[in-house]
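**Q** One structure, as structure tokens, below. Some questions next.
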Number of protein chains: 8
Amino acid sequence: MGKVGIIMGSDSDLPIMQEAIDILKSFNIETEVDIVSAHRTPEKLFDYATNAHTRGVSVIIAGAGGAAHLPGMVASMSQLPVIGVPVKSRNSIDGWDSVLSILQMPGGVPVATVALDGAKNAGILAAQILGSSDPEVLKNIISYKESLKEKVMTASKKMKQ
Amino acid sequence: MGKVGIIMGSDSDLPIMQEAIDILKSFNIETEVDIVSAHRTPEKLFDYATNAHTRGVSVIIAGAGGAAHLPGMVASMSQLPVIGVPVKSRNSIDGWDSVLSILQMPGGVPVATVALDGAKNAGILAAQILGSSDPEVLKNIISYKESLKEKVMTASKKMKQ
Amino acid sequence: MGKVGIIMGSDSDLPIMQEAIDILKSFNIETEVDIVSAHRTPEKLFDYATNAHTRGVSVIIAGAGGAAHLPGMVASMSQLPVIGVPVKSRNSIDGWDSVLSILQMPGGVPVATVALDGAKNAGILAAQILGSSDPEVLKNIISYKESLKEKVMTASKKMKQ
Amino acid sequence: MGKVGIIMGSDSDLPIMQEAIDILKSFNIETEVDIVSAHRTPEKLFDYATNAHTRGVSVIIAGAGGAAHLPGMVASMSQLPVIGVPVKSRNSIDGWDSVLSILQMPGGVPVATVALDGAKNAGILAAQILGSSDPEVLKNIISYKESLKEKVMTASKKMKQ
Amino acid sequence: MGKVGIIMGSDSDLPIMQEAIDILKSFNIETEVDIVSAHRTPEKLFDYATNAHTRGVSVIIAGAGGAAHLPGMVASMSQLPVIGVPVKSRNSIDGWDSVLSILQMPGGVPVATVALDGAKNAGILAAQILGSSDPEVLKNIISYKESLKEKVMTASKKMKQ
Amino acid sequence: MGKVGIIMGSDSDLPIMQEAIDILKSFNIETEVDIVSAHRTPEKLFDYATNAHTRGVSVIIAGAGGAAHLPGMVASMSQLPVIGVPVKSRNSIDGWDSVLSILQMPGGVPVATVALDGAKNAGILAAQILGSSDPEVLKNIISYKESLKEKVMTASKKMKQ
Amino acid sequence: MGKVGIIMGSDSDLPIMQEAIDILKSFNIETEVDIVSAHRTPEKLFDYATNAHTRGVSVIIAGAGGAAHLPGMVASMSQLPVIGVPVKSRNSIDGWDSVLSILQMPGGVPVATVALDGAKNAGILAAQILGSSDPEVLKNIISYKESLKEKVMTASKKMKQ
Amino acid sequence: MGKVGIIMGSDSDLPIMQEAIDILKSFNIETEVDIVSAHRTPEKLFDYATNAHTRGVSVIIAGAGGAAHLPGMVASMSQLPVIGVPVKSRNSIDGWDSVLSILQMPGGVPVATVALDGAKNAGILAAQILGSSDPEVLKNIISYKESLKEKVMTASKKMKQ
């Protein structure tokens with residue numbers, strides 16, 4: 001089974017992106033975490049995007065805020081599925097810039113976009129992609145979903161009392 | 001190799017969703033196309049989402065417009081990765097309703113969202129997911145990306161003349 | 001006289017939804033409160049929506065945030081009038097996602113949408129629906145409206161002094 | 001059984017509002033249709049809102065565009081449930097003004113808002129309100145919903161061929 | 001010289017609307033302040049709008065938030081110029097609802113709209129209207145504008161030091 | 001009685017601004033129409049704004065689109081009340097730029113803003129300002145409002161037949 | 001004097017970008033036009049951005065639509081000033097995606113953004129940059145501005161007749 | 001080498017605009033800082049815009065919030081390149097008004113717009129413009145960009161440990 005590459009544009013994105021790392025760890029999926037700034041380290045971006053698959057990365061999660069070009073640029077150079085996490089960074093206009101500059105990719109170069117600050121869902125989506133060819137991962141996802149249900153059921157019982 | 005399930009909320013979404021069907025066909029990936037309306041055929045939705053994986057579907061693409069609940073509801077009941085296509089339908093408010101009601105899923109239930117009317121990219125993303133465990137598909141994606149590049153190169157040459 | 005079913009997607013919605021419970025209590029209308037998550041407990045959603053009317057529920061109030069599918073999905077399966085409360089939840093994009101994914105339902109499946117975080121108005125609307133066939137409830141609504149007027153009149157007097 | 005009062009701010013709203021009239025007619029529910037402009041005929045508005053219930057009207061549907069005050073002002077003076085239809089009129093800013101000036105009512109005075117140009121759903125919602133105390137109407141709604149499902153099923157069959 | 005009628009939908013609007021009162025006081029213009037809720041006291045609204053001019057009011061300033069119908073409804077019934085102040089109230093969607101439901105009046109019934117929470121400018125505009133036929137007021141406005149300039153000039157000097 | 005100065009940023013704004021000219025003509029109010037571009041003829045802007053009142057202009061109506069600086073800049077230099085008409089010009093982003101750059105003036109320099117493309121209302125507002133000290137104009141406004149009401153009443157009768 | 005590099009993401013952007021070419025030609029400034037797609041030809045992007053200055057390019061104009069990464073990515077790799085033109089492409093959400101993904105660049109990597117579809121202004125801005133060290137270009141800009149003024153003056157005269 | 005003129009509409013904009021001053025200082029570029037309010041000191045605006053180039057200013061940076069007319073008005077009267085900084089001021093509607101009233105300039109009068117509150121990038125852009133004819137400045141920009149890269153590299157190393 002491949003690992004999941006998690007990159008972000010700045011270390012200020014880590015508090016959000018940590019949720020992707022944590023949920024993948026809980027599924028026993030290996031991650032490789034790094035900072036790659038599309039605008040400050042373009043050579044590293046090129047290197048990362050063209051080589052990640054050679055290091056055993058199977059899915060890439062890229063988080064960025066504002067004019068967020070990291071996910072789309074990685075997708076333009078990698079053969080791997082890329083999941084984009086729009087981050088509501090400090091100078092973002094309420095998150096709209098992050099969302100639109102990740103989501104609205106042109107035909108030919110998709111980015112699988114999740115909700116604003118939705119890094120946990122990016123992790124789950126990466127697991128589902130790996131799980132489509134790995135029954136062990138799939139089993140973990142199914143029990144995770146079961147646990148979500150149980151939390152709601154418990155909260156429901158508590159509310160009724 | 002699994003096939004890709006493509007569903008849409010209404011037959012009026014077909015002109016957009018056809019782009020997903022076509023690109024997958026060009027990759028020699030089998031598709032299973034149907035209309036499933038979250039709001040008009042909720043039982044069919046339930047049945048589709050809980051059983052698709054038993055029929056050999058590996059990835060689901062769901063397109064819908066307006067208050068677009070189809071992708072998210074399928075994701076809530078299926079173990080498969082779900083790709084959502086926001087469709088700019090007739091009564092949509094410029095597409096914002098479709099985009100936000102597909103993208104902004106709560107923690108635990110991701111939908112891999114693509115651009116407004118971005119069905120072609122949904123197809124490519126589905127292929128990339130299958131390609132992460134199928135070298136044949138991967139090869140097709142790589143040559144598709146190569147062909148995109150060549151089209152730009154040709155247009156560039158033409159412009160310079 | 002029927003009772004009002006009040007459901008919400010998560011217990012974090014309770015502080016908002018409590019306003020619906022309180023105003024209905026003040027009208028002496030019975031309520032039945034529960035957590036039903038469209039995305040985490042889809043089976044419970046199906047069960048709730050198809051059976052609420054058999055337990056004496058006459059109107060359903062459903063509150064949810066983000067990609068808020070609960071009100072629309074309940075409306076798709078219940079014969080009862082459904083009132084939707086868009087909740088401005090933590091990761092919502094300023095509430096726009098909640099509003100649009102509840103309001104913009106397709107033709108055939110209405111949700112009576114109230115203002116963002118407008119649970120009190122959802123309660124009053126439910127009372128008005130019951131009041132359309134129950135003179136006692138109607139009387140309570142009329143005196144409630146009278147009390148609103150009096151509060152303004154008192155504030156007006158105070159301001160003039 | 002009461003009838004449904006349908007009013008609109010201008011005769012230019014009729015093409016949209018006709019969908020409410022038609023669907024109610026198909027449910028054998030009596031309608032009373034009129035033009036009441038909040039801004040051009042405020043006395044008529046006052047008269048309509050305070051007296052509609054005395055003429056046997058049980059639910060009011062009010063459609064308007066732009067700074068759409070008709071639904072909210074009727075709701076402020078009538079004891080009946082009021083359904084608001086935001087109309088995307090000629091000078092509206094993409095419909096946002098109509099939607100927000102109908103939806104965002106203050107605490108105490110609800111308007112049951114439907115989608116932009118969603119007059120058909122306003123009619124169905126009115127029928128559901130009447131149906132909550134009239135089994136005949138309820139039966140019609142249930143078969144209407146059944147017919148929606150069948151249309152999807154037929155379209156689905158056609159697509160598969 | 002007439003006086004300026006200042007009304008607001010709720011006493012919670014007073015902190016904003018006080019800026020209109022203060023600036024008019026500084027111009028020696030008489031004000032008449034009251035709470036008039038379009039939705040909670042519609043009879044008072046009708047009475048206020050149809051009679052204000054008989055009490056010597058020459059211009060009306062109306063402030064309201066959310067689905068803000070007060071300015072437009074007063075304008076529909078009064079012969080006086082009406083200035084609308086969109087207030088960013090607690091449950092407003094970032095102020096957009098207040099702005100659009102005051103600004104986007106239909107042809108025939110203008111409301112002179114100022115910026116979100118722009119009550120001070122509403123006061124100045126009212127003074128300008130009175131000043132168009134009262135040289136004393138006009139003189140005060142001209143010196144007020146002069147004072148604005150001087151404040152900037154002083155700040156400019158300070159910055160350069 | 002003063003006249004109304006009507007200016008616009010470009011002759012492409014004339015089809016919209018003509019509605020202000022026509023309604024003022026119907027009230028027998030003299031107008032003075034010109035093109036003044038804030039960005040192309042800044043000296044003319046300066047000259048117009050500082051001198052209009054010396055030529056007997058009592059109210060200024062300024063229409064512009066996109067980054068619409070004309071109304072606000074005239075207001076910064078004239079002692080007269082300035083009415084701003086946001087025009088939805090060819091390259092405008094759905095009119096939002098025009099609306100916000102006219103409406104959101106800073107404290108001290110009001111522009112009385114009307115609806116997007118609302119030139120007719122600008123004309124009526126100008127008439128109301130003149131009418132606040134001219135009984136003849138006031139009488140015309142009152143009969144105009146009466147005529148609006150009658151049109152609705154006629155349309156209402158026609159609809160009922 | 002350097003030349004201006006004009007690039008665009010797709011040949012479908014040419015009708016808009018032609019306005020930049022034309023205005024620069026009218027200033028006798030040499031241009032070098034090409035198609036460079038950030039997402040389809042990332043290597044070409046890398047090559048273009050790192051080498052343009054070695055070919056005598058002094059300013060770069062980059063136009064793109066949707067999730068428009070071209071201007072920002074060029075800016076990340078070039079030492080030259082980069083002007084970004086948001087293009088309202090076919091699948092853009094009313095141009096907001098293009099505007100925000102070009103404008104909202106992070107600290108350290110500016111893109112000089114012009115209006116939606118504002119290629120003409122991009123050309124003028126490029127000329128102004130060259131003109132800041134080239135008196136000949138500056139003279140042309142000054143006469144261009146003069147010609148804008150004259151057009152308004154002529155239109156003004158015509159309107160007054 | 002010319003200096004950079006930095007102006008802002010109010011001293012409340014200084015905390016944001018200081019970032020432009022600081023970065024230019026770090027490049028050893030002379031700045032001239034002042035407050036110029038388009039709306040409160042229009043004569044100073046005219047004087048500043050028409051004369052800045054005679055004092056050795058080569059580039060102007062103008063920051064303003066709300067209906068932000070300062071950058072565009074300076075651009076209309078100066079032959080110099082003008083960089084606009086939209087400031088998210090206290091009464092701004094989430095910054096949209098500042099952004100749109102600076103960005104959406106009509107054809108003929110460009111403003112080089114940077115991100116909301118993006119004063120640092122305005123400073124860098126000004127340096128790039130000067131750098132296009134000054135090798136010393138260019139060298140400083142190149143090492144600044146190098147330093148950005150190194151910060152990311154250091155953060156990357158730290159994260160991996």
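Within each chain, counting starts at residue 1; across the structure tokens, chains are named A, B, ... in the order shown, with ligands numbered 1 upward in that order.
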Give me, as a count of residues only, the contact residues of chain H against chain G at a cut-off of 8 Å, counting only C-alpha atoms.

**A** 35

**Q** Please compute the CA of Ser10 in chain F-CA of Ser37 in chain F distance, one decimal, in Å.

**A**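 About the pair CA of Ser10 in chain F and CA of Ser37 in chain F: they are 6.5 Å apart.
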
**Q** Within 9 Å of range 11-16 of chain E, counting only C-alpha atoms, which residues show up once you throw out same-chain ones fewer than 6 positions away? Write them as a list in words, please.

**A**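 Near range 11-16 of chain E, the qualifying residues are Val152, Ala155, Ser156 and Met159 of chain C; Ile35, Gly63, Ala64, Gly65, Val87, Lys88, Ser89, Asp117, Gly118, Ala119 and Lys120 of chain E.
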
**Q** Using only N, CA, C and O atoms, please write the residues we just selected to a file, as a PDB file, in the first residue's frame.

**A**
ATOM      1  N   VAL C 152     -42.178  46.915  21.652  1.00  0.00           N
ATOM      2  CA  VAL C 152     -41.719  48.047  20.853  1.00  0.00           C
ATOM      3  C   VAL C 152     -42.291  49.345  21.414  1.00  0.00           C
ATOM      4  O   VAL C 152     -41.584  50.349  21.550  1.00  0.00           O
ATOM      5  N   ALA C 155     -40.414  50.319  24.499  1.00  0.00           N
ATOM      6  CA  ALA C 155     -39.084  50.832  24.145  1.00  0.00           C
ATOM      7  C   ALA C 155     -39.202  52.227  23.532  1.00  0.00           C
ATOM      8  O   ALA C 155     -38.365  53.104  23.777  1.00  0.00           O
ATOM      9  N   SER C 156     -40.243  52.419  22.740  1.00  0.00           N
ATOM     10  CA  SER C 156     -40.469  53.729  22.114  1.00  0.00           C
ATOM     11  C   SER C 156     -40.697  54.806  23.183  1.00  0.00           C
ATOM     12  O   SER C 156     -40.111  55.883  23.129  1.00  0.00           O
ATOM     13  N   MET C 159     -37.499  55.617  24.959  1.00  0.00           N
ATOM     14  CA  MET C 159     -36.583  56.418  24.141  1.00  0.00           C
ATOM     15  C   MET C 159     -36.989  57.889  24.126  1.00  0.00           C
ATOM     16  O   MET C 159     -36.147  58.780  24.138  1.00  0.00           O
TER      17      MET C 159
ATOM     18  N   ILE E  35     -38.888  54.680  17.801  1.00  0.00           N
ATOM     19  CA  ILE E  35     -38.766  53.302  17.317  1.00  0.00           C
ATOM     20  C   ILE E  35     -40.049  52.964  16.574  1.00  0.00           C
ATOM     21  O   ILE E  35     -41.144  53.118  17.105  1.00  0.00           O
ATOM     22  N   GLY E  63     -33.497  53.579   9.911  1.00  0.00           N
ATOM     23  CA  GLY E  63     -32.441  52.574  10.008  1.00  0.00           C
ATOM     24  C   GLY E  63     -33.007  51.218  10.381  1.00  0.00           C
ATOM     25  O   GLY E  63     -33.883  51.123  11.244  1.00  0.00           O
ATOM     26  N   ALA E  64     -32.512  50.153   9.732  1.00  0.00           N
ATOM     27  CA  ALA E  64     -32.988  48.811  10.061  1.00  0.00           C
ATOM     28  C   ALA E  64     -31.991  47.778   9.565  1.00  0.00           C
ATOM     29  O   ALA E  64     -31.164  48.074   8.705  1.00  0.00           O
ATOM     30  N   GLY E  65     -32.079  46.565  10.121  1.00  0.00           N
ATOM     31  CA  GLY E  65     -31.147  45.492   9.768  1.00  0.00           C
ATOM     32  C   GLY E  65     -31.861  44.263   9.229  1.00  0.00           C
ATOM     33  O   GLY E  65     -33.091  44.181   9.265  1.00  0.00           O
ATOM     34  N   VAL E  87     -28.359  48.607   8.726  1.00  0.00           N
ATOM     35  CA  VAL E  87     -27.656  48.324   9.975  1.00  0.00           C
ATOM     36  C   VAL E  87     -27.200  46.863   9.958  1.00  0.00           C
ATOM     37  O   VAL E  87     -27.947  45.971   9.576  1.00  0.00           O
ATOM     38  N   LYS E  88     -25.947  46.652  10.336  1.00  0.00           N
ATOM     39  CA  LYS E  88     -25.420  45.281  10.388  1.00  0.00           C
ATOM     40  C   LYS E  88     -25.834  44.662  11.715  1.00  0.00           C
ATOM     41  O   LYS E  88     -25.059  44.648  12.672  1.00  0.00           O
ATOM     42  N   SER E  89     -27.033  44.145  11.763  1.00  0.00           N
ATOM     43  CA  SER E  89     -27.572  43.631  13.028  1.00  0.00           C
ATOM     44  C   SER E  89     -27.007  42.241  13.335  1.00  0.00           C
ATOM     45  O   SER E  89     -26.295  41.660  12.525  1.00  0.00           O
ATOM     46  N   ASP E 117     -24.195  50.770   8.188  1.00  0.00           N
ATOM     47  CA  ASP E 117     -23.943  51.446   9.470  1.00  0.00           C
ATOM     48  C   ASP E 117     -23.566  52.923   9.288  1.00  0.00           C
ATOM     49  O   ASP E 117     -22.970  53.528  10.185  1.00  0.00           O
ATOM     50  N   GLY E 118     -23.957  53.504   8.152  1.00  0.00           N
ATOM     51  CA  GLY E 118     -23.544  54.872   7.818  1.00  0.00           C
ATOM     52  C   GLY E 118     -24.499  55.950   8.323  1.00  0.00           C
ATOM     53  O   GLY E 118     -24.838  56.865   7.568  1.00  0.00           O
ATOM     54  N   ALA E 119     -24.900  55.868   9.602  1.00  0.00           N
ATOM     55  CA  ALA E 119     -25.900  56.804  10.122  1.00  0.00           C
ATOM     56  C   ALA E 119     -25.402  58.243  10.118  1.00  0.00           C
ATOM     57  O   ALA E 119     -26.179  59.178   9.901  1.00  0.00           O
ATOM     58  N   LYS E 120     -24.095  58.444  10.336  1.00  0.00           N
ATOM     59  CA  LYS E 120     -23.579  59.804  10.323  1.00  0.00           C
ATOM     60  C   LYS E 120     -23.822  60.439   8.947  1.00  0.00           C
ATOM     61  O   LYS E 120     -24.295  61.575   8.858  1.00  0.00           O
TER      62      LYS E 120
END

**Q** List every residue of range 38-131 of chain E that DSSP, applied to the backbone of this structure, assigns to helix (DSSP H, G or I), and report them as a ChimeraX atom specification.

**A** /E:42-55,70-77,96-103,119-131

**Q** Mind pulling up the distance from CA of Val137 in chain D to CA of Met73 in chain D?

**A**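 Result for CA of Met73 in chain D versus CA of Val137 in chain D: 28.3 Å, one decimal.
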
**Q** Pick out each residue of range 33-148 of chain G that DSSP on the backbone tags as strand (DSSP E or B); I need them as an mmCIF file with N, CA, C and O atoms, in the first residue's frame.

**A**
data_model
loop_
_atom_site.group_PDB
_atom_site.id
_atom_site.type_symbol
_atom_site.label_atom_id
_atom_site.label_comp_id
_atom_site.auth_asym_id
_atom_site.auth_seq_id
_atom_site.Cartn_x
_atom_site.Cartn_y
_atom_site.Cartn_z
ATOM 1 N N VAL G 33 4.260 37.555 -27.964
ATOM 2 C CA VAL G 33 3.001 36.936 -27.535
ATOM 3 C C VAL G 33 3.105 35.414 -27.589
ATOM 4 O O VAL G 33 3.630 34.865 -28.553
ATOM 5 N N ASP G 34 2.585 34.749 -26.562
ATOM 6 C CA ASP G 34 2.623 33.278 -26.573
ATOM 7 C C ASP G 34 1.510 32.695 -25.699
ATOM 8 O O ASP G 34 0.908 33.395 -24.889
ATOM 9 N N ILE G 35 1.254 31.421 -25.910
ATOM 10 C CA ILE G 35 0.342 30.681 -25.033
ATOM 11 C C ILE G 35 1.190 29.862 -24.073
ATOM 12 O O ILE G 35 2.055 29.106 -24.502
ATOM 13 N N VAL G 57 12.741 40.866 -22.310
ATOM 14 C CA VAL G 57 11.406 41.208 -21.798
ATOM 15 C C VAL G 57 11.576 41.983 -20.491
ATOM 16 O O VAL G 57 12.358 41.578 -19.624
ATOM 17 N N SER G 58 10.870 43.118 -20.355
ATOM 18 C CA SER G 58 10.979 43.943 -19.148
ATOM 19 C C SER G 58 9.758 43.859 -18.248
ATOM 20 O O SER G 58 9.838 44.146 -17.059
ATOM 21 N N VAL G 59 8.643 43.549 -18.842
ATOM 22 C CA VAL G 59 7.380 43.432 -18.089
ATOM 23 C C VAL G 59 6.616 42.262 -18.677
ATOM 24 O O VAL G 59 6.637 42.070 -19.894
ATOM 25 N N ILE G 60 5.934 41.501 -17.810
ATOM 26 C CA ILE G 60 5.131 40.376 -18.301
ATOM 27 C C ILE G 60 3.664 40.646 -18.022
ATOM 28 O O ILE G 60 3.302 41.055 -16.914
ATOM 29 N N ILE G 61 2.830 40.431 -19.047
ATOM 30 C CA ILE G 61 1.375 40.464 -18.862
ATOM 31 C C ILE G 61 0.872 39.039 -19.029
ATOM 32 O O ILE G 61 1.137 38.404 -20.043
ATOM 33 N N ALA G 62 0.138 38.537 -18.008
ATOM 34 C CA ALA G 62 -0.358 37.163 -18.074
ATOM 35 C C ALA G 62 -1.862 37.173 -17.842
ATOM 36 O O ALA G 62 -2.337 37.684 -16.826
ATOM 37 N N GLY G 63 -2.593 36.606 -18.812
ATOM 38 C CA GLY G 63 -4.047 36.541 -18.682
ATOM 39 C C GLY G 63 -4.524 35.112 -18.545
ATOM 40 O O GLY G 63 -4.016 34.216 -19.219
ATOM 41 N N ALA G 64 -5.509 34.882 -17.655
ATOM 42 C CA ALA G 64 -6.032 33.525 -17.483
ATOM 43 C C ALA G 64 -7.394 33.601 -16.804
ATOM 44 O O ALA G 64 -7.746 34.599 -16.180
ATOM 45 N N GLY G 65 -8.176 32.509 -16.936
ATOM 46 C CA GLY G 65 -9.518 32.468 -16.363
ATOM 47 C C GLY G 65 -9.697 31.318 -15.397
ATOM 48 O O GLY G 65 -8.818 30.467 -15.264
ATOM 49 N N VAL G 82 5.027 41.521 -12.915
ATOM 50 C CA VAL G 82 4.021 40.722 -13.619
ATOM 51 C C VAL G 82 2.649 41.365 -13.435
ATOM 52 O O VAL G 82 2.231 41.647 -12.316
ATOM 53 N N ILE G 83 1.969 41.587 -14.562
ATOM 54 C CA ILE G 83 0.623 42.146 -14.553
ATOM 55 C C ILE G 83 -0.351 41.020 -14.859
ATOM 56 O O ILE G 83 -0.169 40.289 -15.836
ATOM 57 N N GLY G 84 -1.382 40.862 -14.025
ATOM 58 C CA GLY G 84 -2.341 39.774 -14.209
ATOM 59 C C GLY G 84 -3.671 40.277 -14.742
ATOM 60 O O GLY G 84 -4.207 41.262 -14.234
ATOM 61 N N VAL G 85 -4.196 39.596 -15.764
ATOM 62 C CA VAL G 85 -5.497 39.945 -16.329
ATOM 63 C C VAL G 85 -6.482 38.811 -16.049
ATOM 64 O O VAL G 85 -6.386 37.746 -16.657
ATOM 65 N N PRO G 86 -7.445 39.009 -15.126
ATOM 66 C CA PRO G 86 -8.453 37.968 -14.902
ATOM 67 C C PRO G 86 -9.399 37.925 -16.102
ATOM 68 O O PRO G 86 -9.971 38.947 -16.470
ATOM 69 N N VAL G 87 -9.512 36.772 -16.721
ATOM 70 C CA VAL G 87 -10.390 36.622 -17.880
ATOM 71 C C VAL G 87 -11.657 35.892 -17.447
ATOM 72 O O VAL G 87 -11.610 34.917 -16.711
ATOM 73 N N ALA G 112 0.425 42.494 -10.199
ATOM 74 C CA ALA G 112 -0.287 43.753 -10.423
ATOM 75 C C ALA G 112 -1.568 43.434 -11.175
ATOM 76 O O ALA G 112 -1.560 43.246 -12.378
ATOM 77 N N THR G 113 -2.679 43.355 -10.447
ATOM 78 C CA THR G 113 -3.924 42.883 -11.055
ATOM 79 C C THR G 113 -4.741 44.042 -11.608
ATOM 80 O O THR G 113 -4.842 45.096 -10.988
#

**Q** If you measure from CA of Glu30 in chain A to CA of Gly72 in chain A, what distance in Å do you get, rounded to one decimal?

**A**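 Answer for the CA of Glu30 in chain A to CA of Gly72 in chain A separation: 23.3 Å.
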